[in-house]
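Trainee: One file: start_3.tsv (TSV, C-alpha atoms and all ligand atoms).
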chain	number	residue	atom	x	y	z
G	252	MET	CA	48.21	37.89	-91.11
G	253	LEU	CA	48.90	34.51	-89.72
G	254	VAL	CA	52.02	32.37	-89.82
G	255	VAL	CA	50.99	28.74	-89.52
G	256	MET	CA	53.75	26.53	-88.11
G	257	ASP	CA	54.38	22.87	-88.80
G	258	LYS	CA	53.05	20.58	-86.08
G	259	ALA	CA	56.64	19.48	-85.47
G	260	ALA	CA	58.06	23.00	-85.13
G	261	THR	CA	60.36	23.34	-82.12
G	262	PRO	CA	60.15	26.19	-79.59
G	263	GLU	CA	63.38	27.56	-81.08
G	264	MET	CA	61.85	27.69	-84.56
G	265	ILE	CA	58.82	29.50	-83.15
G	266	GLN	CA	61.02	31.99	-81.33
G	267	ARG	CA	63.00	32.64	-84.50
G	268	VAL	CA	59.77	33.55	-86.34
G	269	ARG	CA	58.67	35.79	-83.48
G	270	ASP	CA	62.04	37.56	-83.41
G	271	GLU	CA	61.87	38.12	-87.14
G	272	ILE	CA	58.37	39.62	-86.84
G	273	ASP	CA	59.58	41.94	-84.07
G	274	ARG	CA	62.55	42.95	-86.17
G	275	MET	CA	60.21	43.93	-88.98
G	276	GLY	CA	58.42	46.28	-86.58
G	277	PHE	CA	55.22	44.25	-86.16
G	278	SER	CA	53.97	42.42	-83.13
G	279	ALA	CA	53.70	38.67	-82.82
G	280	GLN	CA	51.10	36.76	-80.83
G	281	THR	CA	51.37	33.00	-80.46
G	282	LEU	CA	47.97	31.37	-80.82
G	283	ALA	CA	48.05	27.93	-79.31
G	284	ASP	CA	45.19	25.70	-80.31
G	285	PRO	CA	45.07	21.90	-79.99
G	286	HIS	CA	44.60	21.72	-83.75
G	287	ARG	CA	47.50	23.86	-84.84
G	288	LEU	CA	50.06	26.37	-83.82
G	289	ALA	CA	50.03	29.75	-85.44
G	290	ILE	CA	51.55	33.17	-84.89
G	291	GLY	CA	49.36	36.20	-85.49
G	292	ILE	CA	51.01	39.32	-86.89
G	293	THR	CA	49.44	42.60	-85.89
G	294	GLY	CA	50.40	46.16	-86.52
G	295	TYR	CA	51.03	45.10	-90.10
G	296	ASN	CA	50.49	48.06	-92.38
G	297	GLY	CA	51.15	46.42	-95.70
G	298	GLY	CA	54.66	47.88	-95.84
G	299	GLY	CA	57.80	45.73	-95.95
G	300	SER	CA	57.69	42.15	-97.02
G	301	VAL	CA	56.70	39.28	-94.85
G	302	ASP	CA	57.39	36.82	-97.65
G	303	ARG	CA	60.72	35.84	-96.21
G	304	LEU	CA	59.00	34.43	-93.14
G	305	GLU	CA	57.84	31.67	-95.43
G	306	THR	CA	61.44	30.51	-95.87
G	307	LEU	CA	62.11	30.09	-92.15
G	308	GLU	CA	62.37	26.61	-90.76
G	309	GLY	CA	59.18	25.23	-89.27
G	310	VAL	CA	56.84	27.58	-91.16
G	311	ARG	CA	54.08	25.81	-93.07
G	312	GLU	CA	52.25	28.72	-94.66
G	313	ILE	CA	51.36	32.36	-94.39
G	314	ILE	CA	47.71	33.28	-94.48
G	315	ARG	CA	47.05	36.84	-95.57
G	316	PHE	CA	43.81	38.31	-94.34
G	317	GLY	CA	44.16	41.72	-95.93
G	318	ASP	CA	41.83	44.08	-94.13
G	319	GLN	CA	39.98	41.20	-92.55
G	320	TYR	CA	39.89	40.32	-88.88
G	321	THR	CA	42.49	37.71	-88.03
G	322	LEU	CA	42.76	37.26	-84.29
G	323	ALA	CA	38.98	37.18	-83.90
G	324	SER	CA	38.59	34.58	-86.62
G	325	ARG	CA	37.66	30.94	-86.19
G	326	ALA	CA	40.21	30.22	-88.91
G	327	THR	CA	42.91	31.42	-86.53
G	328	LYS	CA	41.62	29.64	-83.44
G	329	GLN	CA	39.18	26.80	-83.78
G	330	GLU	CA	38.42	26.28	-80.11
G	331	ASP	CA	35.81	28.50	-78.42
G	332	THR	CA	37.38	31.17	-76.25
G	333	ILE	CA	36.22	31.00	-72.67
G	334	VAL	CA	36.69	34.18	-70.66
G	335	ASP	CA	37.12	33.55	-66.97
G	336	ILE	CA	35.77	36.30	-64.74
G	337	ASP	CA	37.23	35.39	-61.40
G	338	GLY	CA	35.75	31.88	-61.52
G	339	VAL	CA	32.70	32.64	-63.68
G	340	GLU	CA	33.11	31.46	-67.26
G	341	ILE	CA	31.66	33.16	-70.32
G	342	GLY	CA	31.88	31.04	-73.46
G	343	GLY	CA	31.62	27.32	-73.95
G	344	GLU	CA	28.57	25.49	-72.65
G	345	THR	CA	27.58	27.68	-69.72
G	346	PHE	CA	24.90	30.37	-69.86
G	347	PRO	CA	25.65	33.08	-67.29
G	348	VAL	CA	23.05	35.80	-66.78
G	349	LEU	CA	24.60	39.22	-66.12
G	350	ALA	CA	21.95	41.36	-64.48
G	351	GLY	CA	21.34	44.64	-62.71
G	352	PRO	CA	20.04	48.13	-63.33
G	353	CYS	CA	20.77	50.26	-66.37
G	354	SER	CA	22.33	52.90	-64.09
G	355	VAL	CA	23.57	52.92	-60.55
G	356	GLU	CA	21.26	55.55	-59.04
G	357	SER	CA	22.03	55.34	-55.33
G	358	ARG	CA	23.63	53.03	-52.82
G	359	ASP	CA	20.22	51.78	-51.62
G	360	GLN	CA	18.98	51.09	-55.14
G	361	ALA	CA	22.12	49.20	-56.17
G	362	MET	CA	22.20	47.14	-52.96
G	363	ALA	CA	18.49	46.26	-53.23
G	364	ILE	CA	18.87	45.09	-56.84
G	365	ALA	CA	22.11	43.24	-56.12
G	366	GLU	CA	20.36	41.29	-53.38
G	367	ILE	CA	17.51	40.34	-55.72
G	368	VAL	CA	19.72	39.14	-58.56
G	369	ALA	CA	22.26	37.40	-56.31
G	370	GLU	CA	19.42	35.39	-54.80
G	371	GLU	CA	18.57	34.13	-58.28
G	372	GLY	CA	22.10	32.85	-58.82
G	373	VAL	CA	23.46	35.81	-60.76
G	374	ARG	CA	27.21	36.19	-60.28
G	375	ILE	CA	27.94	39.22	-62.44
G	376	PHE	CA	26.20	42.51	-61.64
G	377	ARG	CA	25.67	45.18	-64.28
G	378	GLY	CA	25.22	48.88	-63.57
G	379	GLY	CA	26.35	52.00	-65.39
G	380	ALA	CA	28.22	54.73	-63.53
G	381	PHE	CA	29.14	56.70	-66.65
G	382	LYS	CA	26.08	56.72	-68.92
G	383	PRO	CA	25.93	57.55	-72.63
G	384	ARG	CA	22.54	59.28	-72.92
G	385	THR	CA	20.79	60.48	-76.04
G	386	SER	CA	19.74	63.72	-74.37
G	387	PRO	CA	22.21	65.94	-72.50
G	388	TYR	CA	19.37	66.70	-70.06
G	389	SER	CA	18.90	63.06	-69.05
G	390	PHE	CA	20.55	61.51	-66.00
G	391	GLN	CA	24.24	61.06	-66.88
G	392	GLY	CA	25.16	58.57	-64.18
G	393	LEU	CA	26.82	59.02	-60.78
G	394	GLY	CA	30.33	58.78	-62.21
G	395	ILE	CA	33.02	58.12	-59.60
G	396	LYS	CA	30.43	57.85	-56.84
G	397	GLY	CA	28.75	55.11	-58.88
G	398	LEU	CA	32.02	53.18	-59.09
G	399	GLU	CA	32.36	53.39	-55.31
G	400	ILE	CA	28.89	51.91	-54.91
G	401	LEU	CA	29.74	49.12	-57.34
G	402	ARG	CA	32.79	48.22	-55.26
G	403	GLU	CA	30.52	47.95	-52.23
G	404	VAL	CA	28.16	45.69	-54.17
G	405	ARG	CA	31.07	43.40	-55.01
G	406	GLU	CA	32.18	43.27	-51.38
G	407	GLN	CA	28.79	42.67	-49.91
G	408	PHE	CA	27.37	40.13	-52.36
G	409	ASN	CA	30.51	38.58	-53.84
G	410	LEU	CA	29.33	39.71	-57.28
G	411	ARG	CA	31.65	40.50	-60.15
G	412	ILE	CA	31.02	43.90	-61.74
G	413	ILE	CA	30.44	44.93	-65.34
G	414	THR	CA	30.24	48.66	-65.99
G	415	GLU	CA	30.70	50.91	-69.00
G	416	ALA	CA	33.70	53.01	-69.96
G	417	MET	CA	32.60	55.89	-72.17
G	418	ASP	CA	35.83	57.56	-73.13
G	419	THR	CA	39.61	57.33	-73.21
G	420	GLU	CA	39.90	59.78	-70.30
G	421	THR	CA	38.05	57.56	-67.82
G	422	ILE	CA	38.60	54.02	-69.10
G	423	ASP	CA	41.54	53.33	-66.75
G	424	LEU	CA	39.56	54.59	-63.80
G	425	VAL	CA	36.58	52.41	-64.73
G	426	ALA	CA	38.88	49.41	-65.19
G	427	GLU	CA	40.12	49.76	-61.60
G	428	THR	CA	36.61	48.90	-60.40
G	429	ALA	CA	35.22	46.76	-63.21
G	430	ASP	CA	35.76	43.03	-63.53
G	431	ILE	CA	34.50	43.48	-67.09
G	432	VAL	CA	34.75	46.82	-68.88
G	433	GLN	CA	31.76	47.42	-71.14
G	434	ILE	CA	32.10	49.33	-74.39
G	435	GLY	CA	28.68	50.49	-75.49
G	436	SER	CA	26.93	50.36	-78.81
G	437	ARG	CA	27.60	54.03	-79.52
G	438	ASN	CA	31.31	53.51	-79.01
G	439	MET	CA	31.77	50.34	-81.04
G	440	GLN	CA	33.62	52.32	-83.68
G	441	ASN	CA	35.46	54.65	-81.33
G	442	TYR	CA	38.86	53.42	-82.39
G	443	SER	CA	40.91	55.32	-79.81
G	444	LEU	CA	38.75	53.80	-77.08
G	445	LEU	CA	39.10	50.32	-78.62
G	446	LYS	CA	42.88	50.72	-78.73
G	447	LYS	CA	42.95	51.65	-75.05
G	448	ALA	CA	40.71	48.68	-74.26
G	449	GLY	CA	43.30	46.53	-76.00
G	450	LYS	CA	45.86	47.61	-73.42
G	451	LEU	CA	43.70	46.85	-70.38
G	452	ASN	CA	44.39	44.02	-68.06
G	453	LYS	CA	40.64	43.37	-67.74
G	454	PRO	CA	38.09	41.52	-69.90
G	455	VAL	CA	36.10	43.74	-72.23
G	456	LEU	CA	32.47	43.33	-73.28
G	457	LEU	CA	32.01	44.93	-76.67
G	458	LYS	CA	28.45	45.75	-77.71
G	459	ARG	CA	27.51	45.74	-81.35
G	460	GLY	CA	26.91	49.14	-82.88
G	461	MET	CA	23.20	49.63	-83.46
G	462	SER	CA	23.69	49.72	-87.20
G	463	ALA	CA	26.98	47.86	-87.52
G	464	THR	CA	27.42	44.88	-89.81
G	465	VAL	CA	28.82	41.65	-88.40
G	466	ASN	CA	32.06	42.35	-90.25
G	467	GLU	CA	32.40	45.80	-88.68
G	468	PHE	CA	31.62	44.29	-85.28
G	469	LEU	CA	34.35	41.66	-85.58
G	470	LEU	CA	36.83	44.24	-86.87
G	471	ALA	CA	36.09	46.38	-83.81
G	472	ALA	CA	36.84	43.32	-81.63
G	473	GLU	CA	40.01	42.86	-83.66
G	474	TYR	CA	41.25	46.28	-82.47
G	475	ILE	CA	41.07	45.10	-78.85
G	476	LEU	CA	42.68	41.75	-79.62
G	477	ALA	CA	45.41	43.37	-81.71
G	478	GLY	CA	46.28	45.57	-78.73
G	479	GLY	CA	47.10	42.40	-76.81
G	480	ASN	CA	43.89	41.90	-74.81
G	481	SER	CA	42.54	38.46	-75.66
G	482	ARG	CA	39.65	38.55	-73.18
G	483	VAL	CA	36.91	39.94	-75.41
G	484	ILE	CA	33.23	39.10	-75.06
G	485	LEU	CA	30.81	40.20	-77.77
G	486	CYS	CA	27.25	41.34	-77.15
G	487	GLU	CA	24.38	41.55	-79.65
G	488	ARG	CA	22.08	44.32	-78.42
G	489	GLY	CA	19.66	44.86	-81.27
G	490	LEU	CA	19.70	46.87	-84.44
G	491	ARG	CA	17.99	50.16	-85.08
G	492	MET	CA	14.81	49.72	-87.11
G	493	VAL	CA	13.67	53.01	-88.54
G	494	ALA	CA	9.91	53.21	-89.16
G	495	ASN	CA	9.35	50.38	-86.72
G	496	ARG	CA	7.30	51.25	-83.70
G	497	THR	CA	9.51	49.10	-81.50
G	498	GLY	CA	12.96	50.71	-81.49
G	499	ASN	CA	15.34	47.79	-82.01
G	500	MET	CA	15.44	44.27	-83.39
G	501	LEU	CA	17.50	41.54	-81.73
G	502	ASP	CA	19.56	40.04	-84.52
G	503	LEU	CA	19.44	36.41	-83.43
G	504	SER	CA	20.80	35.28	-86.72
G	505	SER	CA	24.00	37.26	-86.13
G	506	ILE	CA	24.64	35.15	-83.02
G	507	ILE	CA	24.61	32.00	-85.12
G	508	GLU	CA	26.80	33.65	-87.75
G	509	ILE	CA	29.30	35.07	-85.26
G	510	LYS	CA	29.71	31.67	-83.59
G	511	ARG	CA	30.66	30.30	-86.98
G	512	LEU	CA	33.03	33.13	-87.91
G	513	SER	CA	34.67	33.73	-84.55
G	514	HIS	CA	35.85	31.85	-81.47
G	515	LEU	CA	34.87	34.73	-79.18
G	516	PRO	CA	31.93	34.37	-76.79
G	517	ILE	CA	28.77	36.20	-77.83
G	518	ILE	CA	26.00	37.06	-75.39
G	519	ALA	CA	22.65	38.75	-76.00
G	520	ASP	CA	21.11	41.86	-74.47
G	521	PRO	CA	17.34	41.42	-74.76
G	522	SER	CA	16.69	44.62	-72.77
G	523	HIS	CA	18.21	47.17	-75.14
G	524	ALA	CA	17.16	45.00	-78.06
G	525	SER	CA	13.49	45.39	-77.20
G	526	GLU	CA	13.19	48.52	-75.04
G	527	GLN	CA	10.00	46.99	-73.65
G	528	ARG	CA	9.91	44.57	-70.76
G	529	TYR	CA	7.20	42.29	-72.12
G	530	LYS	CA	9.61	41.17	-74.85
G	531	VAL	CA	12.58	40.51	-72.59
G	532	ALA	CA	11.69	36.98	-71.43
G	533	PRO	CA	10.73	35.62	-74.88
G	534	LEU	CA	13.88	37.10	-76.43
G	535	SER	CA	15.99	35.68	-73.60
G	536	ARG	CA	14.60	32.20	-74.26
G	537	ALA	CA	15.25	32.64	-77.96
G	538	ALA	CA	18.84	33.75	-77.32
G	539	LEU	CA	19.47	30.66	-75.21
G	540	ALA	CA	17.92	28.49	-77.90
G	541	VAL	CA	20.08	29.86	-80.74
G	542	GLY	CA	23.25	29.30	-78.76
G	543	ALA	CA	24.15	32.65	-77.17
G	544	HIS	CA	26.77	32.30	-74.44
G	545	GLY	CA	24.79	34.28	-71.90
G	546	LEU	CA	22.59	37.30	-71.30
G	547	LEU	CA	22.90	40.90	-70.17
G	548	VAL	CA	19.56	41.85	-68.60
G	549	GLU	CA	18.31	45.02	-66.95
G	550	VAL	CA	16.54	44.56	-63.63
G	551	HIS	CA	15.15	47.24	-61.31
G	552	ASN	CA	13.51	47.07	-57.90
G	553	GLU	CA	11.21	49.99	-58.85
G	554	PRO	CA	11.22	50.26	-62.66
G	555	GLU	CA	8.64	53.04	-62.66
G	556	LYS	CA	11.12	55.23	-60.74
G	557	ALA	CA	14.22	54.29	-62.76
G	558	LEU	CA	16.38	57.20	-63.93
G	559	SER	CA	17.17	55.40	-67.19
G	560	ASP	CA	15.61	52.60	-69.24
G	561	GLY	CA	12.73	51.93	-66.83
G	562	PRO	CA	10.32	50.59	-69.49
G	563	GLN	CA	12.65	47.72	-70.34
G	564	ALA	CA	13.74	46.84	-66.78
G	565	LEU	CA	12.34	43.66	-65.29
G	566	PRO	CA	10.82	44.01	-61.82
G	567	PRO	CA	11.96	41.38	-59.28
G	568	ASN	CA	9.05	38.95	-59.79
G	569	GLU	CA	9.48	38.91	-63.57
G	570	PHE	CA	13.22	38.42	-63.27
G	571	LYS	CA	12.65	35.47	-60.91
G	572	GLN	CA	10.20	33.96	-63.36
G	573	LEU	CA	12.67	34.44	-66.22
G	574	MET	CA	15.39	32.59	-64.31
G	575	VAL	CA	12.99	29.70	-63.64
G	576	GLU	CA	12.15	29.48	-67.34
G	577	LEU	CA	15.78	29.67	-68.40
G	578	ARG	CA	16.76	26.93	-65.97
G	579	ARG	CA	14.06	24.66	-67.38
G	580	LEU	CA	15.01	25.38	-70.95
G	581	SER	CA	18.74	24.99	-70.27
G	582	VAL	CA	18.19	21.37	-69.25
G	583	ALA	CA	16.64	20.57	-72.62
G	584	LEU	CA	19.44	22.41	-74.41
G	585	ASN	CA	22.27	20.87	-72.40
G	586	LYS	CA	23.48	24.25	-71.22
G	587	GLU	CA	24.62	24.97	-67.72
G	588	LEU	CA	23.09	27.93	-65.94
G	589	PRO	CA	25.48	28.82	-63.11
G	601	LIG	C1	23.61	49.88	-71.47
G	601	LIG	O1	24.02	48.71	-71.44
G	601	LIG	O2	23.07	50.44	-70.51
G	601	LIG	C2	23.67	50.61	-72.76
G	601	LIG	C3	23.75	51.93	-72.79
G	601	LIG	O3	23.62	49.80	-73.81
G	601	LIG	P1	23.88	50.10	-75.38
G	601	LIG	O4	25.28	50.59	-75.47
G	601	LIG	O5	23.70	48.74	-75.99
G	601	LIG	O6	22.84	51.07	-75.84
G	602	MN	MN	20.30	50.72	-70.33
Can the structure in the file be given as structure tokens, please?

Mentor:
Amino acid sequence: MLVVMDKAATPEMIQRVRDEIDRMGFSAQTLADPHRLAIGITGYNGGGSVDRLETLEGVREIIRFGDQYTLASRATKQEDTIVDIDGVEIGGETFPVLAGPCSVESRDQAMAIAEIVAEEGVRIFRGGAFKPRTSPYSFQGLGIKGLEILREVREQFNLRIITEAMDTETIDLVAETADIVQIGSRNMQNYSLLKKAGKLNKPVLLKRGMSATVNEFLLAAEYILAGGNSRVILCERGLRMVANRTGNMLDLSSIIEIKRLSHLPIIADPSHASEQRYKVAPLSRAALAVGAHGLLVEVHNEPEKALSDGPQALPPNEFKQLMVELRRLSVALNKELP
């Protein structure tokens, strides 16, 4: 629900509405936007009546969203949200490339890859320490040791870190190291995890479930926003295509749609969307062309030895070439590649 205030509403009138919302047992979030001032109501369970808010001074109208996403909606906030990661912006007209290995495998591996990507202008390093793997017999990640290595990468190369939190038990631990906490595709509808992510004091990158609709995706983001964390970045990572010999399909059209429906930044992951490295560069160019706010790309110094997702990892020379292509294309598209 959204309480839209008159343009001329005074701070006292706004406070009065907020107090009233608190008194009713809901939480109020002021959403300042150059175009209008509104107060989002979350925690609303349909009980009680919010009708009387309409009679308060300075209130223009109440918009009821029912079960729809509210805080994630463009109707609530018209301006694009730009998430600042310690000086690196995601959203707006820039096109940051977040790159690194699927998993942190060792100190040497992480350092070698960090050096390669940093040299290409990458400022946010990806690498999983806690890995959600399809098979229980596959490499599960280095866990806490992996986080330690990521902290070293940040120190040594001045890179910001994005790494995945898999469960409610370890999310706070992961958030101590991460500059962006990733919630993976498999966890997009893990509502207890989303609620905890809403309480973090760190930006969250939420990946789209591999068979989630755009509506379900935005409602999952809504959980994080409703918890009070406004720094949410969305990531389209491909949908599961059964009976298709190539695992996933990058839903480029959802990027266009999400930019229309929501103010949140949306980046693309061409690596998990294709599972094969020869598709990564063309899909990256396509993502830039349709207006994605950045990329999440897997890079490995020795892909043939990778402990996870080797077939989709770009070796150093291909990653370099991709960055050259993206820089060229970004000029034509008026996007800024940091
Ligand atoms: C990953 O980023 O390494 C990952 C596991 O991605 P997804 O959740 O999209 O499968
Ligand atoms: Mn991976």

Trainee: Would you mind listing the residues within 6 Å of ligand LIG 601 (chain G), counting all atoms listed in the file, as a ChimeraX atom specification?

Mentor: /G:353,435-437,458,488,523

Trainee: Per residue of range 254-339 of chain G within 6 Å of range 495-514 of chain G, note the shortest atom pair and the distance in Å to one decimal, counting all atoms listed in the file, and order the rows by chain and increasing residue number, as a Markdown table.

Mentor:
| residue | atom | partner | partner_atom | distance |
| --- | --- | --- | --- | --- |
| G:Ala323 | CA | G:Ser513 | CA | 5.6 |
| G:Ser324 | CA | G:Ser513 | CA | 4.5 |
| G:Arg325 | CA | G:Ser513 | CA | 4.4 |
| G:Asp331 | CA | G:His514 | CA | 4.5 |
| G:Thr332 | CA | G:His514 | CA | 5.5 |

Trainee: So how far away is CA of Cys486 in chain G from CA of Ile431 in chain G, in Å?

Mentor: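 Here the two named atoms are 12.6 Å from each other.
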
Trainee: Write out as a short mmCIF file (atom, residue, chain, number, x, y, z; two decimals) with C-alpha atoms, in the coordinates of the input which residues come within 12 Å of range 443-455 of chain G when counting only C-alpha atoms, dropping same-chain ones fewer than 6 positions away.

Mentor:
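As written to disk, part_38.cif reads:
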data_model
loop_
_atom_site.label_atom_id
_atom_site.label_comp_id
_atom_site.auth_asym_id
_atom_site.auth_seq_id
_atom_site.Cartn_x
_atom_site.Cartn_y
_atom_site.Cartn_z
CA GLY G 294 50.40 46.16 -86.52
CA ILE G 333 36.22 31.00 -72.67
CA VAL G 334 36.69 34.18 -70.66
CA ASP G 335 37.12 33.55 -66.97
CA ILE G 336 35.77 36.30 -64.74
CA ASP G 337 37.23 35.39 -61.40
CA GLU G 340 33.11 31.46 -67.26
CA ILE G 341 31.66 33.16 -70.32
CA ARG G 411 31.65 40.50 -60.15
CA ILE G 412 31.02 43.90 -61.74
CA ILE G 413 30.44 44.93 -65.34
CA THR G 414 30.24 48.66 -65.99
CA GLU G 415 30.70 50.91 -69.00
CA ALA G 416 33.70 53.01 -69.96
CA MET G 417 32.60 55.89 -72.17
CA ASP G 418 35.83 57.56 -73.13
CA THR G 419 39.61 57.33 -73.21
CA GLU G 420 39.90 59.78 -70.30
CA THR G 421 38.05 57.56 -67.82
CA ILE G 422 38.60 54.02 -69.10
CA ASP G 423 41.54 53.33 -66.75
CA LEU G 424 39.56 54.59 -63.80
CA VAL G 425 36.58 52.41 -64.73
CA ALA G 426 38.88 49.41 -65.19
CA GLU G 427 40.12 49.76 -61.60
CA THR G 428 36.61 48.90 -60.40
CA ALA G 429 35.22 46.76 -63.21
CA ASP G 430 35.76 43.03 -63.53
CA ILE G 431 34.50 43.48 -67.09
CA VAL G 432 34.75 46.82 -68.88
CA GLN G 433 31.76 47.42 -71.14
CA ILE G 434 32.10 49.33 -74.39
CA GLY G 435 28.68 50.49 -75.49
CA ARG G 437 27.60 54.03 -79.52
CA PHE G 468 31.62 44.29 -85.28
CA LEU G 470 36.83 44.24 -86.87
CA ALA G 471 36.09 46.38 -83.81
CA ALA G 472 36.84 43.32 -81.63
CA GLU G 473 40.01 42.86 -83.66
CA TYR G 474 41.25 46.28 -82.47
CA ILE G 475 41.07 45.10 -78.85
CA LEU G 476 42.68 41.75 -79.62
CA ALA G 477 45.41 43.37 -81.71
CA GLY G 478 46.28 45.57 -78.73
CA GLY G 479 47.10 42.40 -76.81
CA ASN G 480 43.89 41.90 -74.81
CA SER G 481 42.54 38.46 -75.66
CA ARG G 482 39.65 38.55 -73.18
CA VAL G 483 36.91 39.94 -75.41
CA ILE G 484 33.23 39.10 -75.06
CA LEU G 485 30.81 40.20 -77.77
CA CYS G 486 27.25 41.34 -77.15
CA LEU G 515 34.87 34.73 -79.18
CA PRO G 516 31.93 34.37 -76.79
CA ILE G 517 28.77 36.20 -77.83
#

Trainee: Within 9 Å of ligand MN 602 (chain G), counting all atoms listed in the file, which protein or nucleic acid residues do you find, written as a VMD selection string?

Mentor: chain G and resid 352 to 354 378 to 379 382 522 to 523 526 549 559 to 561 563 to 564

Trainee: Given all atoms listed in the file as the basis, pick out the residue of G:Val339, G:Ile290, G:Met264, G:Val531 nearest to Leu588 in chain G.

Mentor: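 Of G:Val339, G:Ile290, G:Met264, G:Val531, the one nearest Leu588 in chain G, counting all atoms listed in the file, is G:Val339.
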
Trainee: For Leu253 in chain G, which residue out of G:Leu410, G:Leu304, G:Val582, G:Ile313 is the nearest one, using all atoms listed in the file?

Mentor: G:Ile313

Trainee: Compile the contact shell of Ala540 in chain G as a list of chain:residue names: residues with an atom at most 10 Å away, counting all atoms listed in the file, same-chain residues fewer than 3 positions apart removed.

Mentor: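 So the residues in contact are G:Leu503, G:Leu534, G:Ser535, G:Arg536, G:Ala537, G:Ala543, G:Leu577, G:Leu580, G:Ser581, G:Ala583, G:Leu584, G:Lys586.
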
Trainee: Compile the contact shell of Ala363 in chain G as a count of residues only: residues with an atom at most 9 Å away, counting only C-alpha atoms, same-chain residues fewer than 4 positions apart removed.

Mentor: 6

Trainee: Tell me, in Å to one decimal, how far CA of Ala524 in chain G is from CA of Leu490 in chain G.

Mentor: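 Separating CA of Ala524 in chain G from CA of Leu490 in chain G is a distance of 7.1 Å.
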
Trainee: Please report the interatomic distance between CA of Asn568 in chain G and CA of Glu370 in chain G in Å with one decimal.

Mentor: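 It comes out at 12.0 Å.
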
Trainee: Put the listed atoms of range 470-485 of chain G in a box along x, y and z with 5 Å added on every side and give me the centre and edge lengths in Å to one decimal, as AutoDock Vina command-line options.

Mentor:
--center_x 39.0 --center_y 42.4 --center_z -80.0 --size_x 26.3 --size_y 17.9 --size_z 23.7

Trainee: May I ask which of the residues G:Val254, G:Leu546, G:Val348, G:Leu558 is the closest one to Gly392 in chain G, counting only C-alpha atoms?

Mentor: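 Using only C-alpha atoms, the shortest distance to Gly392 in chain G belongs to G:Leu558.
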
Trainee: Determine the nearest neighbour of Ala538 in chain G from the options G:Ser525, G:Ser389, G:Ile518, G:Ala326, counting only C-alpha atoms.

Mentor: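 Checking each of G:Ser525, G:Ser389, G:Ile518, G:Ala326 against Ala538 in chain G, counting only C-alpha atoms, the winner is G:Ile518.
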
Trainee: Calculated over only C-alpha atoms, which of the candidates G:Ser278, G:Thr345, G:Thr261, G:Thr385 has the smallest distance to Glu308 in chain G?

Mentor: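 Of G:Ser278, G:Thr345, G:Thr261, G:Thr385, the one nearest Glu308 in chain G, counting only C-alpha atoms, is G:Thr261.
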
Trainee: Write out as a JSON list (two decimals) with C-alpha atoms, in the frame of the given file which residues come within 12 Å of Thr281 in chain G when counting all atoms listed in the file, dropping same-chain ones fewer than 3 positions away.

Mentor:
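Saved as out.json:
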[["chain", "number", "residue", "atom", "x", "y", "z"],
["G", 253, "LEU", "CA", 48.90, 34.51, -89.72],
["G", 254, "VAL", "CA", 52.02, 32.37, -89.82],
["G", 255, "VAL", "CA", 50.99, 28.74, -89.52],
["G", 256, "MET", "CA", 53.75, 26.53, -88.11],
["G", 262, "PRO", "CA", 60.15, 26.19, -79.59],
["G", 265, "ILE", "CA", 58.82, 29.50, -83.15],
["G", 266, "GLN", "CA", 61.02, 31.99, -81.33],
["G", 268, "VAL", "CA", 59.77, 33.55, -86.34],
["G", 269, "ARG", "CA", 58.67, 35.79, -83.48],
["G", 270, "ASP", "CA", 62.04, 37.56, -83.41],
["G", 272, "ILE", "CA", 58.37, 39.62, -86.84],
["G", 278, "SER", "CA", 53.97, 42.42, -83.13],
["G", 284, "ASP", "CA", 45.19, 25.70, -80.31],
["G", 287, "ARG", "CA", 47.50, 23.86, -84.84],
["G", 288, "LEU", "CA", 50.06, 26.37, -83.82],
["G", 289, "ALA", "CA", 50.03, 29.75, -85.44],
["G", 290, "ILE", "CA", 51.55, 33.17, -84.89],
["G", 291, "GLY", "CA", 49.36, 36.20, -85.49],
["G", 292, "ILE", "CA", 51.01, 39.32, -86.89],
["G", 293, "THR", "CA", 49.44, 42.60, -85.89],
["G", 322, "LEU", "CA", 42.76, 37.26, -84.29],
["G", 327, "THR", "CA", 42.91, 31.42, -86.53],
["G", 328, "LYS", "CA", 41.62, 29.64, -83.44],
["G", 479, "GLY", "CA", 47.10, 42.40, -76.81],
["G", 481, "SER", "CA", 42.54, 38.46, -75.66]]

Trainee: Hey, which of G:Ala557, G:Ile364, G:Asn438, G:Leu349 ends up closest to Pro383 in chain G? Count only C-alpha atoms.

Mentor: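 Ranking G:Ala557, G:Ile364, G:Asn438, G:Leu349 by distance to Pro383 in chain G, first place goes to G:Asn438.
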
Trainee: Complete the atoms of range 483-487 of chain G to N, CA and C atoms and put them out as a compact mmCIF listing (two decimals), keeping the file's coordinate frame.

Mentor:
# COMPACT_ATOMS: atom_id res chain seq x y z
N VAL G 483 37.99 39.14 -74.82
CA VAL G 483 36.91 39.94 -75.41
C VAL G 483 35.63 39.12 -75.45
N ILE G 484 34.55 39.72 -75.00
CA ILE G 484 33.23 39.10 -75.06
C ILE G 484 32.37 40.00 -75.95
N LEU G 485 31.66 39.41 -76.88
CA LEU G 485 30.81 40.20 -77.77
C LEU G 485 29.39 40.22 -77.23
N CYS G 486 28.64 41.26 -77.60
CA CYS G 486 27.25 41.34 -77.15
C CYS G 486 26.36 41.90 -78.27
N GLU G 487 25.39 41.09 -78.66
CA GLU G 487 24.38 41.55 -79.65
C GLU G 487 23.27 42.25 -78.87
